[in-house]
Amino acid sequence: MRLIAFCLFFAFFVAGVSAECSTTEQGDAWCSGTNPYLQVDYSPSAKYSFDSRHRSLTITLQPKDDANVLFGDSEIFDAGTDANPAWQPMPSCFEELGPNNYHDGIRMNVAYKPLCQSCGGNYVIKTDFGLAGQPDFRGHFTAALKIPCSADVAIVTVGSKLDKTSTVHINSEYFGFEEALLTYVEHLSSLQNSSMTVRYVELDNNAAITSFGYSFPQAFGMNSAAASSNLVKPIRKVLKKTGSDYLIIMGGVSVVPMPWRADSAGEDGMQYFQSVDGRVPSDDAYSMTAKNKEPSVVVSRFPTPVSDDPSSSSAAIMTMVSAVYSEAPSFSNTVIVSDACNVLGPEDCTLEHLADSVLNGMFAFGPSTKYCSSDSMCELAPDFCYEIHPDRGAVFPNCRGDSILNELFAKDGIVFITHGDGRHVLAENTLNGDQYRILDADHLLERAESEDFLENRPLVFFNCAYCGAVDGYLHTDSHGELAFTRSASYGSSLVLGFAAAGARAIVGRTRVGFDESSSVAAALSGGPLYPKMIGDFYRGSEPLGRVFLKMKQSAYAAGAAEGDRRFADVETLVLYGDPFQVPVS
């Protein structure tokens, strides 16, 4: 009996299927499609590739013309690349369910795991078969399986820095890290008419390193400016191969560092960021294809506390992931919080003018002007839980049954045009003396720990110093001098507090930025880029991430030279959480 090696190769691309075969003794007739033994069917259709949307393949093999076919075992292999061929079992990316008996044939169900770390190579499912009564006959069916590296969204992290075994209790349900992440991938794949694809990359995973062709650095972190940028090149390598429009970083600065540069003096010796620790942290470098290029990729980050202990890393991520499944935020259920200026007109009323600018930008009133002081959409220096008298250095309780806080926390969107230090929101009230009303991160953490999550999972916009910092906070030391502590926990970071309490997305500055003008006319005619962005977002229909990127691009186009005020106002703004939020009217 002659030995027959029978091979069918199916390569699945968006463009279609290519089929070819190789033979030994049967000659060219086998390549013509004349196969006397097997009928091969597969689903879905020929326009197919494995990704976060297309995650399964069924191949049915049936005997043809009453051939007495005996099917053997079926296995999936990593065949390597053309330059480095291999024939290794491939359990991490696929689950083979079957083969199952199907009439007189078999049905093989191949399931793809979207959190797998390999892509771009050659993957093969192989089934042996024989013929009854012909013991020397050996046939092989093989189908080539493709996992493209390209994706609309790249999710990156450092796997060893995350606790992927912990669970978090949210709304009477327990979520594990991989479960939450898989659910989020499915959510993204359902957006934009189901056209979004997602690639998940753990930068320290050997399969990812091989697939994307980078060297993983031995040292990275926030200890130096150089170390903080050591993951920039690997992430750019990933983005070059995925071609993604969106980059989502899973983790805070101790998981994936936030690149920073030293603060520098501007005109008149003034430091434009006034960063107490002399650092300017920003995720902008991850948004660029090369150094000094204009940002071209939407970057968002799901934050975690600053800690080398992975056990505390995942709770905020899972809570923010769970928030994206709430109803879309309502434009009409948004509040602006700012200073309350003296109606007689004190000289320093900059922030309320910015709040007026945001209010007018959101509604696009045109020639008519609205003022926060007379609009129900604004809360000017509302009574939070404490008040502080700077002249006496004293803090006094001033709670009114949390009624004001509960009003804020029931909103779909909160815009803080206020003061801050990373832990507290402060709003000046010049009507009653120089008092500041405070919302603190600890209060948010108390709500999160009691599972009293923010009811509507709001969008939060911070236009205040340090309110977007997740690497530390500002405070007054024992000598009365400003100091920066490089340690952020849930109770010492407004970003982490809101994330743990249920916010779906947060925008804030990691340090101090400058607004371009304190004049009412300039503010109402467009004003600084960030307040303008808030208005553009609420007035438009684009996802938050796209509007955020356009703001960044405008700042860089205006002049990225150190000291440029438009640039300084935007560089340290960071987007946390889901970048695909769109408000509804």
# chains A, B, ... in the order shown; residues from 1 in each chain; ligands from 1

call {"tool": "residues_around", "arguments": {"residues": "segment 210-227 of chain A", "least_positions_apart": "6", "cutoff": "12 Å", "atoms": "only C-alpha atoms", "output": "PDB file with N, CA and C atoms, in the first residue's frame"}}
result
ATOM      1  N   GLY A  80       6.103  28.414  14.461  1.00  0.00           N
ATOM      2  CA  GLY A  80       7.193  29.377  14.412  1.00  0.00           C
ATOM      3  C   GLY A  80       7.056  30.332  13.246  1.00  0.00           C
ATOM      4  N   THR A  81       8.163  30.874  12.816  1.00  0.00           N
ATOM      5  CA  THR A  81       8.188  31.799  11.686  1.00  0.00           C
ATOM      6  C   THR A  81       8.971  31.180  10.547  1.00  0.00           C
ATOM      7  N   ASN A  84      12.481  31.153  11.697  1.00  0.00           N
ATOM      8  CA  ASN A  84      12.734  30.261  12.828  1.00  0.00           C
ATOM      9  C   ASN A  84      11.583  29.270  12.963  1.00  0.00           C
ATOM     10  N   CYS A 116      -4.096  36.002  25.061  1.00  0.00           N
ATOM     11  CA  CYS A 116      -2.843  35.332  24.745  1.00  0.00           C
ATOM     12  C   CYS A 116      -1.811  36.358  24.299  1.00  0.00           C
ATOM     13  N   GLN A 117      -0.541  36.008  24.417  1.00  0.00           N
ATOM     14  CA  GLN A 117       0.537  36.971  24.208  1.00  0.00           C
ATOM     15  C   GLN A 117       1.262  36.797  22.872  1.00  0.00           C
ATOM     16  N   SER A 118       0.866  35.817  22.083  1.00  0.00           N
ATOM     17  CA  SER A 118       1.542  35.564  20.807  1.00  0.00           C
ATOM     18  C   SER A 118       0.714  36.097  19.655  1.00  0.00           C
ATOM     19  N   CYS A 119       1.397  36.557  18.641  1.00  0.00           N
ATOM     20  CA  CYS A 119       0.714  36.985  17.430  1.00  0.00           C
ATOM     21  C   CYS A 119       1.723  37.028  16.288  1.00  0.00           C
ATOM     22  N   GLY A 120       1.201  36.970  15.061  1.00  0.00           N
ATOM     23  CA  GLY A 120       2.043  37.164  13.891  1.00  0.00           C
ATOM     24  C   GLY A 120       2.797  35.947  13.406  1.00  0.00           C
ATOM     25  N   GLY A 121       2.780  34.841  14.154  1.00  0.00           N
ATOM     26  CA  GLY A 121       3.510  33.651  13.721  1.00  0.00           C
ATOM     27  C   GLY A 121       2.635  32.716  12.907  1.00  0.00           C
ATOM     28  N   ASN A 122       3.059  31.468  12.809  1.00  0.00           N
ATOM     29  CA  ASN A 122       2.311  30.438  12.087  1.00  0.00           C
ATOM     30  C   ASN A 122       1.767  29.429  13.086  1.00  0.00           C
ATOM     31  N   ILE A 147      -3.242  34.640  13.807  1.00  0.00           N
ATOM     32  CA  ILE A 147      -3.505  35.620  14.858  1.00  0.00           C
ATOM     33  C   ILE A 147      -2.795  36.909  14.454  1.00  0.00           C
ATOM     34  N   PRO A 148      -3.509  37.887  13.920  1.00  0.00           N
ATOM     35  CA  PRO A 148      -2.839  39.124  13.521  1.00  0.00           C
ATOM     36  C   PRO A 148      -2.406  39.926  14.737  1.00  0.00           C
ATOM     37  N   CYS A 149      -1.296  40.621  14.628  1.00  0.00           N
ATOM     38  CA  CYS A 149      -0.858  41.529  15.693  1.00  0.00           C
ATOM     39  C   CYS A 149      -1.645  42.846  15.660  1.00  0.00           C
ATOM     40  N   SER A 150      -2.173  43.191  14.512  1.00  0.00           N
ATOM     41  CA  SER A 150      -2.864  44.473  14.365  1.00  0.00           C
ATOM     42  C   SER A 150      -4.140  44.497  15.207  1.00  0.00           C
ATOM     43  N   VAL A 158       2.492  45.469  32.778  1.00  0.00           N
ATOM     44  CA  VAL A 158       3.597  44.589  33.178  1.00  0.00           C
ATOM     45  C   VAL A 158       2.979  43.548  34.102  1.00  0.00           C
ATOM     46  N   LYS A 161       3.713  42.898  37.840  1.00  0.00           N
ATOM     47  CA  LYS A 161       3.419  43.987  38.772  1.00  0.00           C
ATOM     48  C   LYS A 161       1.952  44.019  39.195  1.00  0.00           C
ATOM     49  N   ARG A 199      -5.817  44.065  21.297  1.00  0.00           N
ATOM     50  CA  ARG A 199      -4.665  43.206  21.566  1.00  0.00           C
ATOM     51  C   ARG A 199      -4.161  43.521  22.963  1.00  0.00           C
ATOM     52  N   VAL A 201      -1.290  43.030  25.833  1.00  0.00           N
ATOM     53  CA  VAL A 201       0.149  42.768  25.852  1.00  0.00           C
ATOM     54  C   VAL A 201       0.691  42.959  27.268  1.00  0.00           C
ATOM     55  N   GLU A 202       1.266  41.889  27.827  1.00  0.00           N
ATOM     56  CA  GLU A 202       2.043  42.002  29.059  1.00  0.00           C
ATOM     57  C   GLU A 202       3.499  42.154  28.637  1.00  0.00           C
ATOM     58  N   LEU A 203       4.048  43.328  28.854  1.00  0.00           N
ATOM     59  CA  LEU A 203       5.344  43.683  28.283  1.00  0.00           C
ATOM     60  C   LEU A 203       6.477  42.781  28.755  1.00  0.00           C
ATOM     61  N   ASP A 204       6.326  42.162  29.925  1.00  0.00           N
ATOM     62  CA  ASP A 204       7.376  41.291  30.441  1.00  0.00           C
ATOM     63  C   ASP A 204       7.169  39.829  30.071  1.00  0.00           C
ATOM     64  N   LYS A 233      10.139  52.801  24.546  1.00  0.00           N
ATOM     65  CA  LYS A 233      10.517  52.112  23.308  1.00  0.00           C
ATOM     66  C   LYS A 233       9.768  50.796  23.127  1.00  0.00           C
ATOM     67  N   PRO A 234       9.677  49.927  24.154  1.00  0.00           N
ATOM     68  CA  PRO A 234       8.876  48.710  23.974  1.00  0.00           C
ATOM     69  C   PRO A 234       7.426  48.995  23.593  1.00  0.00           C
ATOM     70  N   ILE A 235       6.815  50.001  24.212  1.00  0.00           N
ATOM     71  CA  ILE A 235       5.415  50.298  23.891  1.00  0.00           C
ATOM     72  C   ILE A 235       5.303  50.843  22.470  1.00  0.00           C
ATOM     73  N   ARG A 236       6.265  51.650  22.046  1.00  0.00           N
ATOM     74  CA  ARG A 236       6.239  52.129  20.660  1.00  0.00           C
ATOM     75  C   ARG A 236       6.397  50.974  19.677  1.00  0.00           C
ATOM     76  N   LYS A 237       7.205  49.967  20.034  1.00  0.00           N
ATOM     77  CA  LYS A 237       7.342  48.777  19.189  1.00  0.00           C
ATOM     78  C   LYS A 237       6.003  48.057  19.065  1.00  0.00           C
ATOM     79  N   VAL A 238       5.304  47.925  20.195  1.00  0.00           N
ATOM     80  CA  VAL A 238       3.988  47.295  20.186  1.00  0.00           C
ATOM     81  C   VAL A 238       3.035  48.064  19.283  1.00  0.00           C
ATOM     82  N   LEU A 239       2.990  49.390  19.457  1.00  0.00           N
ATOM     83  CA  LEU A 239       2.055  50.210  18.685  1.00  0.00           C
ATOM     84  C   LEU A 239       2.389  50.202  17.202  1.00  0.00           C
ATOM     85  N   LYS A 240       3.668  50.125  16.867  1.00  0.00           N
ATOM     86  CA  LYS A 240       4.047  50.081  15.450  1.00  0.00           C
ATOM     87  C   LYS A 240       3.489  48.839  14.778  1.00  0.00           C
ATOM     88  N   LYS A 241       3.473  47.715  15.511  1.00  0.00           N
ATOM     89  CA  LYS A 241       3.011  46.466  14.933  1.00  0.00           C
ATOM     90  C   LYS A 241       1.500  46.303  15.023  1.00  0.00           C
ATOM     91  N   THR A 242       0.888  46.863  16.068  1.00  0.00           N
ATOM     92  CA  THR A 242      -0.566  46.763  16.182  1.00  0.00           C
ATOM     93  C   THR A 242      -1.268  47.820  15.339  1.00  0.00           C
ATOM     94  N   GLY A 243      -0.593  48.965  15.106  1.00  0.00           N
ATOM     95  CA  GLY A 243      -1.229  50.052  14.363  1.00  0.00           C
ATOM     96  C   GLY A 243      -2.420  50.633  15.097  1.00  0.00           C
ATOM     97  N   GLY A 252      -0.830  51.819  37.561  1.00  0.00           N
ATOM     98  CA  GLY A 252      -0.289  53.120  37.917  1.00  0.00           C
ATOM     99  C   GLY A 252       1.200  53.199  37.640  1.00  0.00           C
ATOM    100  N   VAL A 253       1.863  54.173  38.248  1.00  0.00           N
ATOM    101  CA  VAL A 253       3.258  54.457  37.902  1.00  0.00           C
ATOM    102  C   VAL A 253       4.231  53.405  38.408  1.00  0.00           C
ATOM    103  N   SER A 254       3.838  52.558  39.371  1.00  0.00           N
ATOM    104  CA  SER A 254       4.721  51.481  39.802  1.00  0.00           C
ATOM    105  C   SER A 254       4.537  50.234  38.954  1.00  0.00           C
ATOM    106  N   VAL A 255       3.547  50.243  38.056  1.00  0.00           N
ATOM    107  CA  VAL A 255       3.357  49.151  37.097  1.00  0.00           C
ATOM    108  C   VAL A 255       3.964  49.555  35.760  1.00  0.00           C
ATOM    109  N   VAL A 256       3.479  50.630  35.187  1.00  0.00           N
ATOM    110  CA  VAL A 256       4.052  51.235  33.978  1.00  0.00           C
ATOM    111  C   VAL A 256       4.372  52.685  34.336  1.00  0.00           C
ATOM    112  N   PRO A 257       5.652  53.046  34.462  1.00  0.00           N
ATOM    113  CA  PRO A 257       6.005  54.407  34.911  1.00  0.00           C
ATOM    114  C   PRO A 257       5.422  55.479  34.004  1.00  0.00           C
ATOM    115  N   MET A 258       5.211  56.648  34.592  1.00  0.00           N
ATOM    116  CA  MET A 258       4.794  57.815  33.826  1.00  0.00           C
ATOM    117  C   MET A 258       6.051  58.635  33.520  1.00  0.00           C
ATOM    118  N   PRO A 259       6.480  58.702  32.263  1.00  0.00           N
ATOM    119  CA  PRO A 259       7.723  59.426  31.948  1.00  0.00           C
ATOM    120  C   PRO A 259       7.683  60.859  32.468  1.00  0.00           C
ATOM    121  N   TRP A 260       8.800  61.292  33.063  1.00  0.00           N
ATOM    122  CA  TRP A 260       8.848  62.662  33.568  1.00  0.00           C
ATOM    123  C   TRP A 260      10.158  63.325  33.169  1.00  0.00           C
ATOM    124  N   ARG A 261      10.091  64.639  33.107  1.00  0.00           N
ATOM    125  CA  ARG A 261      11.281  65.454  32.851  1.00  0.00           C
ATOM    126  C   ARG A 261      11.421  66.447  33.989  1.00  0.00           C
ATOM    127  N   ALA A 262      12.615  67.000  34.132  1.00  0.00           N
ATOM    128  CA  ALA A 262      12.848  67.990  35.176  1.00  0.00           C
ATOM    129  C   ALA A 262      12.110  69.278  34.856  1.00  0.00           C
ATOM    130  N   ASP A 263      11.553  69.913  35.869  1.00  0.00           N
ATOM    131  CA  ASP A 263      10.903  71.209  35.692  1.00  0.00           C
ATOM    132  C   ASP A 263      11.960  72.242  35.317  1.00  0.00           C
ATOM    133  N   GLY A 278      10.061  69.265  41.447  1.00  0.00           N
ATOM    134  CA  GLY A 278      10.895  69.489  40.273  1.00  0.00           C
ATOM    135  C   GLY A 278      10.652  68.523  39.133  1.00  0.00           C
ATOM    136  N   ARG A 279       9.516  67.841  39.115  1.00  0.00           N
ATOM    137  CA  ARG A 279       9.206  66.858  38.069  1.00  0.00           C
ATOM    138  C   ARG A 279       7.981  67.264  37.269  1.00  0.00           C
ATOM    139  N   VAL A 280       7.982  66.897  36.000  1.00  0.00           N
ATOM    140  CA  VAL A 280       6.836  67.117  35.121  1.00  0.00           C
ATOM    141  C   VAL A 280       6.441  65.756  34.545  1.00  0.00           C
ATOM    142  N   PRO A 281       5.576  64.988  35.227  1.00  0.00           N
ATOM    143  CA  PRO A 281       5.164  63.671  34.720  1.00  0.00           C
ATOM    144  C   PRO A 281       4.036  63.800  33.699  1.00  0.00           C
ATOM    145  N   SER A 282       4.115  62.994  32.640  1.00  0.00           N
ATOM    146  CA  SER A 282       3.104  63.021  31.579  1.00  0.00           C
ATOM    147  C   SER A 282       3.148  61.713  30.812  1.00  0.00           C
ATOM    148  N   VAL A 306       0.663  53.475  44.316  1.00  0.00           N
ATOM    149  CA  VAL A 306       2.110  53.384  44.202  1.00  0.00           C
ATOM    150  C   VAL A 306       2.583  52.356  45.225  1.00  0.00           C
ATOM    151  N   SER A 307       2.960  51.179  44.736  1.00  0.00           N
ATOM    152  CA  SER A 307       3.376  50.115  45.630  1.00  0.00           C
ATOM    153  C   SER A 307       4.129  49.058  44.845  1.00  0.00           C
ATOM    154  N   ASP A 308       5.144  48.471  45.466  1.00  0.00           N
ATOM    155  CA  ASP A 308       5.845  47.346  44.864  1.00  0.00           C
ATOM    156  C   ASP A 308       5.172  46.025  45.205  1.00  0.00           C
ATOM    157  N   VAL A 470      -0.912  60.572  40.585  1.00  0.00           N
ATOM    158  CA  VAL A 470      -1.017  59.266  41.227  1.00  0.00           C
ATOM    159  C   VAL A 470       0.344  58.797  41.740  1.00  0.00           C
ATOM    160  N   ASP A 471       1.331  59.699  41.740  1.00  0.00           N
ATOM    161  CA  ASP A 471       2.650  59.346  42.263  1.00  0.00           C
ATOM    162  C   ASP A 471       2.944  60.023  43.592  1.00  0.00           C
ATOM    163  N   GLY A 472       2.021  60.833  44.087  1.00  0.00           N
ATOM    164  CA  GLY A 472       2.242  61.504  45.357  1.00  0.00           C
ATOM    165  C   GLY A 472       1.279  62.666  45.540  1.00  0.00           C
ATOM    166  N   ARG A 486       6.229  61.343  47.748  1.00  0.00           N
ATOM    167  CA  ARG A 486       6.104  60.389  46.641  1.00  0.00           C
ATOM    168  C   ARG A 486       5.547  59.060  47.131  1.00  0.00           C
ATOM    169  N   SER A 487       4.330  59.113  47.542  1.00  0.00           N
ATOM    170  CA  SER A 487       3.634  57.903  47.971  1.00  0.00           C
ATOM    171  C   SER A 487       2.154  58.182  47.859  1.00  0.00           C
TER     172      SER A 487
END

call {"tool": "residues_around", "arguments": {"residues": "Ala557 of chain A", "least_positions_apart": "4", "cutoff": "9 Å", "atoms": "only C-alpha atoms", "output": "MDAnalysis selection string"}}
result
chainID A and resid 294 552:553 567

call {"tool": "write_last_selection", "arguments": {"atoms": "N, CA and C atoms", "output": "short mmCIF file (atom, residue, chain, number, x, y, z; two decimals), in the first residue's frame"}}
result
data_model
loop_
_atom_site.label_atom_id
_atom_site.label_comp_id
_atom_site.auth_asym_id
_atom_site.auth_seq_id
_atom_site.Cartn_x
_atom_site.Cartn_y
_atom_site.Cartn_z
N GLU A 294 4.46 64.88 17.32
CA GLU A 294 3.16 65.27 17.84
C GLU A 294 2.42 64.03 18.32
N LYS A 552 -4.41 67.75 23.03
CA LYS A 552 -2.96 67.57 23.11
C LYS A 552 -2.29 68.04 21.81
N GLN A 553 -2.85 67.65 20.69
CA GLN A 553 -2.27 68.02 19.40
C GLN A 553 -2.28 69.52 19.21
N PHE A 567 1.20 75.22 26.04
CA PHE A 567 1.74 73.88 26.19
C PHE A 567 1.78 73.47 27.66
#

call {"tool": "residues_around", "arguments": {"residues": "Val415 of chain A", "least_positions_apart": "5", "cutoff": "7 Å", "atoms": "only C-alpha atoms", "output": "number ranges by chain"}}
result
A: 335-337, 460-462

call {"tool": "atom_distance", "arguments": {"atom1": "atom CA of Val198 of chain A", "atom2": "atom CA of Asp536 of chain A"}}
result
27.2 Å

call {"tool": "residues_around", "arguments": {"residues": "Ala340 of chain A", "least_positions_apart": "2", "cutoff": "6 Å", "atoms": "only C-alpha atoms", "output": "list in words"}}
result
Leu380, Ala381 and Asn429 of chain A

call {"tool": "closest_residue", "arguments": {"among": "A:Leu575, A:Cys341, A:Ala483, A:Ala501", "to": "Glu428 of chain A", "atoms": "only C-alpha atoms"}}
result
A:Cys341

call {"tool": "select_by_dssp", "arguments": {"residues": "segment 143-336 of chain A", "states": "strand (DSSP E)", "output": "PyMOL selection string"}}
result
chain A and resi 143-145+153-157+167-170+173-176+198-202+246-250+260-262+279-281+298-302+334-336

call {"tool": "write_last_selection", "arguments": {"atoms": "N, CA, C and O atoms", "output": "compact mmCIF listing (two decimals), in the first residue's frame"}}
result
# COMPACT_ATOMS: atom_id res chain seq x y z
N ALA A 143 -4.73 22.78 9.07
CA ALA A 143 -5.31 24.09 8.77
C ALA A 143 -4.47 25.16 9.44
O ALA A 143 -4.18 25.07 10.64
N ALA A 144 -4.05 26.15 8.68
CA ALA A 144 -3.25 27.24 9.23
C ALA A 144 -4.15 28.24 9.94
O ALA A 144 -5.15 28.71 9.39
N LEU A 145 -3.81 28.57 11.17
CA LEU A 145 -4.59 29.50 11.98
C LEU A 145 -3.80 30.79 12.13
O LEU A 145 -2.62 30.76 12.46
N VAL A 153 -7.22 48.68 19.38
CA VAL A 153 -6.90 49.07 20.75
C VAL A 153 -5.79 48.16 21.26
O VAL A 153 -5.88 46.93 21.15
N ALA A 154 -4.74 48.74 21.81
CA ALA A 154 -3.69 47.98 22.48
C ALA A 154 -3.81 48.22 23.98
O ALA A 154 -3.80 49.37 24.43
N ILE A 155 -3.93 47.15 24.75
CA ILE A 155 -3.94 47.23 26.21
C ILE A 155 -2.61 46.69 26.69
O ILE A 155 -2.25 45.54 26.40
N VAL A 156 -1.84 47.50 27.41
CA VAL A 156 -0.50 47.07 27.85
C VAL A 156 -0.39 47.16 29.36
O VAL A 156 -1.02 48.00 30.01
N THR A 157 0.46 46.30 29.91
CA THR A 157 0.76 46.32 31.33
C THR A 157 2.05 45.55 31.55
O THR A 157 2.65 45.03 30.60
N THR A 167 -9.79 39.20 43.89
CA THR A 167 -11.14 39.50 43.46
C THR A 167 -11.61 40.76 44.17
O THR A 167 -11.08 41.15 45.21
N VAL A 168 -12.60 41.41 43.59
CA VAL A 168 -13.18 42.60 44.22
C VAL A 168 -14.70 42.44 44.19
O VAL A 168 -15.27 41.90 43.24
N HIS A 169 -15.35 42.88 45.25
CA HIS A 169 -16.79 42.74 45.41
C HIS A 169 -17.47 44.02 44.97
O HIS A 169 -17.28 45.07 45.58
N ILE A 170 -18.23 43.96 43.89
CA ILE A 170 -18.88 45.14 43.33
C ILE A 170 -20.33 44.81 43.05
O ILE A 170 -20.64 43.87 42.30
N GLU A 173 -21.49 41.29 43.33
CA GLU A 173 -20.81 40.31 42.49
C GLU A 173 -19.31 40.37 42.73
O GLU A 173 -18.76 41.42 43.06
N TYR A 174 -18.66 39.23 42.55
CA TYR A 174 -17.21 39.16 42.68
C TYR A 174 -16.58 39.15 41.29
O TYR A 174 -17.02 38.41 40.40
N PHE A 175 -15.57 39.99 41.11
CA PHE A 175 -14.86 40.07 39.84
C PHE A 175 -13.39 39.69 40.08
O PHE A 175 -12.75 40.21 40.99
N GLY A 176 -12.86 38.80 39.24
CA GLY A 176 -11.44 38.54 39.20
C GLY A 176 -10.80 39.39 38.13
O GLY A 176 -11.48 39.91 37.24
N VAL A 198 -8.99 44.24 19.75
CA VAL A 198 -8.17 44.55 20.92
C VAL A 198 -7.01 43.56 21.00
O VAL A 198 -7.19 42.36 20.81
N ARG A 199 -5.82 44.07 21.30
CA ARG A 199 -4.66 43.21 21.57
C ARG A 199 -4.16 43.52 22.96
O ARG A 199 -3.89 44.67 23.29
N TYR A 200 -4.07 42.49 23.80
CA TYR A 200 -3.61 42.62 25.18
C TYR A 200 -2.15 42.18 25.25
O TYR A 200 -1.80 41.09 24.78
N VAL A 201 -1.29 43.03 25.83
CA VAL A 201 0.15 42.77 25.85
C VAL A 201 0.69 42.96 27.27
O VAL A 201 0.58 44.04 27.84
N GLU A 202 1.27 41.89 27.83
CA GLU A 202 2.04 42.00 29.06
C GLU A 202 3.50 42.15 28.64
O GLU A 202 4.11 41.23 28.12
N TYR A 246 -5.70 53.54 19.82
CA TYR A 246 -5.88 53.71 21.26
C TYR A 246 -4.87 52.84 22.01
O TYR A 246 -4.67 51.67 21.66
N LEU A 247 -4.26 53.42 23.04
CA LEU A 247 -3.39 52.70 23.96
C LEU A 247 -3.98 52.83 25.35
O LEU A 247 -4.19 53.94 25.84
N ILE A 248 -4.27 51.70 25.98
CA ILE A 248 -4.80 51.70 27.35
C ILE A 248 -3.77 51.04 28.25
O ILE A 248 -3.40 49.87 28.03
N ILE A 249 -3.28 51.78 29.23
CA ILE A 249 -2.28 51.29 30.17
C ILE A 249 -3.00 50.77 31.41
O ILE A 249 -3.74 51.51 32.06
N MET A 250 -2.79 49.50 31.74
CA MET A 250 -3.39 48.92 32.93
C MET A 250 -2.38 49.01 34.08
O MET A 250 -1.44 48.23 34.15
N TRP A 260 8.80 61.29 33.06
CA TRP A 260 8.85 62.66 33.57
C TRP A 260 10.16 63.33 33.17
O TRP A 260 11.14 62.67 32.87
N ARG A 261 10.09 64.64 33.11
CA ARG A 261 11.28 65.45 32.85
C ARG A 261 11.42 66.45 33.99
O ARG A 261 10.47 66.72 34.74
N ALA A 262 12.62 67.00 34.13
CA ALA A 262 12.85 67.99 35.18
C ALA A 262 12.11 69.28 34.86
O ALA A 262 12.03 69.69 33.69
N ARG A 279 9.52 67.84 39.11
CA ARG A 279 9.21 66.86 38.07
C ARG A 279 7.98 67.26 37.27
O ARG A 279 7.04 67.86 37.80
N VAL A 280 7.98 66.90 36.00
CA VAL A 280 6.84 67.12 35.12
C VAL A 280 6.44 65.76 34.55
O VAL A 280 6.92 65.35 33.49
N PRO A 281 5.58 64.99 35.23
CA PRO A 281 5.16 63.67 34.72
C PRO A 281 4.04 63.80 33.70
O PRO A 281 3.11 64.59 33.86
N VAL A 298 -4.41 57.94 21.14
CA VAL A 298 -5.13 58.21 22.38
C VAL A 298 -4.54 57.32 23.48
O VAL A 298 -4.46 56.10 23.31
N VAL A 299 -4.12 57.93 24.59
CA VAL A 299 -3.56 57.19 25.71
C VAL A 299 -4.44 57.40 26.94
O VAL A 299 -4.72 58.54 27.31
N SER A 300 -4.86 56.31 27.55
CA SER A 300 -5.54 56.39 28.85
C SER A 300 -4.93 55.36 29.78
O SER A 300 -4.26 54.42 29.34
N ARG A 301 -5.16 55.55 31.07
CA ARG A 301 -4.50 54.71 32.08
C ARG A 301 -5.51 54.35 33.16
O ARG A 301 -6.20 55.23 33.70
N PHE A 302 -5.60 53.05 33.49
CA PHE A 302 -6.38 52.62 34.63
C PHE A 302 -5.43 52.59 35.82
O PHE A 302 -4.50 51.78 35.86
N THR A 334 -24.81 67.04 34.71
CA THR A 334 -23.42 67.40 34.99
C THR A 334 -23.39 68.66 35.85
O THR A 334 -24.22 69.56 35.69
N VAL A 335 -22.42 68.76 36.76
CA VAL A 335 -22.30 69.91 37.63
C VAL A 335 -20.89 70.49 37.51
O VAL A 335 -19.91 69.75 37.35
N ILE A 336 -20.79 71.81 37.57
CA ILE A 336 -19.51 72.52 37.59
C ILE A 336 -19.30 73.06 38.99
O ILE A 336 -20.17 73.74 39.55
